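J.: Quick one: the structure is below, questions incoming.
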Amino acid sequence: MNAADLHHLSAAYALDAVDADEREAFEEHLADCEICRADVESFRDTAAGLGASLASSPSASLRDNVLSRITATRQDAPITGPSVIGLDAARRRRRTAWVAGLAGAAAASVAAVIGLAAIERGSGSDPFATELAIVMEQSDSQVLDLEVQGSAQGEFRVAWSESLGRAVLIGEDLPPAPDGKAYELWLITPDESMAMYVLDPAGDGDVHVALDAPAAPAAWAITVEPDEGTPTATGEIIFVSNVPA
Amino acid sequence: MFAVAEISLSGDPHAGLAARAAQGDESAFAGLYDLLVPIVFGVVARVVRDPSMAEEVTQEVFVELWRTAPRYDESRGSVRTWATTIAHRRAVDRVRSEQAARDRHDRDGRETTTTHDPVSHEVESSIDRTRVRKALEALSASQRSAVELAYFGGHTYREVAVLLGVPEGTVKTRIRDGMIRLRDELGGEQ
């Protein structure tokens, strides 16, 4: 199962509608994918809403049984640092810079805004999270990790919807561009390379941008260009990935 | 205590009890049990379909909630969602390990060919039932049957594909689109 398939498994996963192998693969993926974590969180809330309609009572003796068992059950030690939501994933967890950077307040606000996107779309306090939610709600949404080239540093992930014509780009741990240079995002079709955005990584190396995606991409790439940007790519490609057919 | 005050500001009615239970407070956990047992048992009973097995699984779920309470992270979802997630997961695990899949397929195959309402025979919270029924009505019939077979039936999407006689990819899409629609209709955590 490739990454594109995994990204669309979040609803089935949240409903426990995947088999054991897929569960394991998806939980490994979750550790590294902010978008799917937010999706799973909101779908679990929705599933709990469904569950509320099933409320019913067991026999009264169950309470005593539970309470006597917990007195004999040692609690787990708290986890220090960011937690992972995959129930069975903790021991497989691979902490990456991506997770470390995004597992805190930013991830929580993305989850909250995605949950509320339908009723408060546009009025959220985090416009980027709202954009992300809207893109991911499209049935044709796709997500792609851009592959790092050579000795470049950082990570990029792009999500887009062709029907919507919008894309969001998330970058992490980017070193500053060389003096007089900037990173530039390209949407590559079979016919042309379209200059999309000249990145201005904030001081902490994070990039969160939403932009128009006027054509169906065959690939996404990031190059190093003069800092005013350029309509035609001239510099070194530091990240690129083909869109799976 | 700072942590408790901070958590209760989040508006989660269970957060204060969960925070105390996380520190080993058994009476707080008893309070949590009383608040959560209707939804936990309800979900488990719906999926495993056997009252005595449902009680067994419910007991395991609460022991797991107690054991893992110190690791509960409120930024990942409400206490109710945490408990319901574990309840559904353990119920599904039990059903699948019981190898009863074939019988359930046959039963569910019949159920989905009728206009049977999957939630009507449960009692309690009529407000929740009404909200859920209305939300489910907003789905297309094909989305609704896929979501119901997955969540209420405890089936994998592959099993749902066999039950409905449609390709697996179609089922995945129906589940995803159906859940997005439900998320809109239910408006997230209540």
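Identifiers in this document derive from the order of the structure tokens: chains are assigned A, B, ..., residues are numbered from 1 separately in each chain, and ligands are numbered from 1 in order of occurrence.
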I need the contact residues of chain B against chain A, so if you could list those with any atom within 7 Å, counting only C-alpha atoms, and return them as a PyMOL selection string, that would help.

T.: chain B and resi 30+38-39+41-43+55+59+62-63+66-68+70-71+75-77+81+84-85+89+119+122-125+128-129+132+150-151+154-157+172+175-177+179-180+182-184+186-189

J.: Name the residues in contact with region 157-163 of chain A at a cut-off of 7 Å, using only C-alpha atoms, excluding same-chain residues fewer than 4 positions from it; report them as a ChimeraX atom specification.

T.: /A:135,138,140-146,167-171,216

J.: For the residues in that selection, give me C-alpha atoms as an mmCIF file, in the first residue's frame.

T.:
data_model
loop_
_atom_site.group_PDB
_atom_site.id
_atom_site.type_symbol
_atom_site.label_atom_id
_atom_site.label_comp_id
_atom_site.auth_asym_id
_atom_site.auth_seq_id
_atom_site.Cartn_x
_atom_site.Cartn_y
_atom_site.Cartn_z
ATOM 1 C CA VAL A 135 -8.665 20.787 0.624
ATOM 2 C CA GLN A 138 -12.511 17.125 -1.321
ATOM 3 C CA ASP A 140 -10.129 13.997 -4.997
ATOM 4 C CA SER A 141 -7.655 15.367 -2.484
ATOM 5 C CA GLN A 142 -4.125 13.994 -2.733
ATOM 6 C CA VAL A 143 -1.125 14.255 -0.458
ATOM 7 C CA LEU A 144 2.485 13.883 -1.499
ATOM 8 C CA ASP A 145 5.754 13.960 0.391
ATOM 9 C CA LEU A 146 8.418 15.691 -1.647
ATOM 10 C CA ALA A 167 -3.124 23.355 -2.702
ATOM 11 C CA VAL A 168 -1.494 23.642 0.705
ATOM 12 C CA LEU A 169 2.197 23.297 1.334
ATOM 13 C CA ILE A 170 3.682 22.355 4.684
ATOM 14 C CA GLY A 171 7.413 22.654 5.185
ATOM 15 C CA ALA A 216 -3.325 18.968 -12.639
#

J.: Contacts of Ala219 (chain A) at 10 Å or less, counting only C-alpha atoms, minus same-chain residues fewer than 6 places along, as a ChimeraX atom specification?

T.: /A:144,146,186-190,193,240-244

J.: Could you tell me how far CA of Phe26 (chain A) sits from CA of Leu149 (chain B), in Å to one decimal place?

T.: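 Between CA of Leu149 (chain B) and CA of Phe26 (chain A) the gap works out to 20.8 Å.
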
J.: Excluding region 140-143 of chain B and its own-chain neighbours fewer than 2 positions away, which residues fall within 12 Å of it when counting only C-alpha atoms? Please give them as a VMD selection string.

T.: chain B and resid 112 to 115 135 to 138 145 to 150 160 to 161 164 to 166 170 to 182

J.: Which residues, written as a list in words, have at least one atom at most 9 Å from Ala152 (chain A), with only C-alpha atoms counted and residues fewer than 5 positions away on the same chain left out?

T.: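 Skipping anything fewer than 5 positions along the chain leaves Leu174, Pro175, Ile238 and Phe239 of chain A.
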
J.: Go ahead and write the selection's residues with C-alpha atoms as a PDB file, in the first residue's frame.

T.:
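As a result, out.pdb now contains:
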ATOM      1  CA  LEU A 174      14.173  24.409   6.408  1.00  0.00           C
ATOM      2  CA  PRO A 175      17.530  26.085   6.756  1.00  0.00           C
ATOM      3  CA  ILE A 238      16.172  20.386  -3.799  1.00  0.00           C
ATOM      4  CA  PHE A 239      12.829  18.580  -3.439  1.00  0.00           C
TER       5      PHE A 239
END

J.: One number please: CA of Leu164 (chain A) to CA of Leu211 (chain A), in Å, one decimal.

T.: 11.0 Å

J.: Near His14 (chain B), within 9 Å and counting only C-alpha atoms, which residues show up once chain neighbours fewer than 6 positions away are dropped, as a PDB file with N, CA and C atoms, in the first residue's frame?

T.:
ATOM      1  N   SER B   8     -10.124  21.759  32.863  1.00  0.00           N
ATOM      2  CA  SER B   8     -11.562  21.984  32.922  1.00  0.00           C
ATOM      3  C   SER B   8     -11.977  23.211  32.113  1.00  0.00           C
ATOM      4  N   LEU B  32     -16.068   8.466  36.731  1.00  0.00           N
ATOM      5  CA  LEU B  32     -15.882   8.391  35.288  1.00  0.00           C
ATOM      6  C   LEU B  32     -16.615   7.169  34.717  1.00  0.00           C
ATOM      7  N   LEU B  35     -20.272   7.891  34.299  1.00  0.00           N
ATOM      8  CA  LEU B  35     -20.584   8.774  33.180  1.00  0.00           C
ATOM      9  C   LEU B  35     -20.378   8.081  31.828  1.00  0.00           C
ATOM     10  N   LEU B  36     -19.405   7.198  31.767  1.00  0.00           N
ATOM     11  CA  LEU B  36     -19.014   6.639  30.470  1.00  0.00           C
ATOM     12  C   LEU B  36     -19.608   5.267  30.183  1.00  0.00           C
ATOM     13  N   SER B  78     -11.582  14.407  23.219  1.00  0.00           N
ATOM     14  CA  SER B  78     -12.252  14.452  24.515  1.00  0.00           C
ATOM     15  C   SER B  78     -12.135  13.102  25.218  1.00  0.00           C
ATOM     16  N   VAL B  79     -12.469  13.111  26.498  1.00  0.00           N
ATOM     17  CA  VAL B  79     -12.473  11.868  27.273  1.00  0.00           C
ATOM     18  C   VAL B  79     -13.486  10.884  26.683  1.00  0.00           C
ATOM     19  N   ARG B  80     -14.634  11.407  26.288  1.00  0.00           N
ATOM     20  CA  ARG B  80     -15.644  10.523  25.713  1.00  0.00           C
ATOM     21  C   ARG B  80     -15.138   9.858  24.439  1.00  0.00           C
TER      22      ARG B  80
END
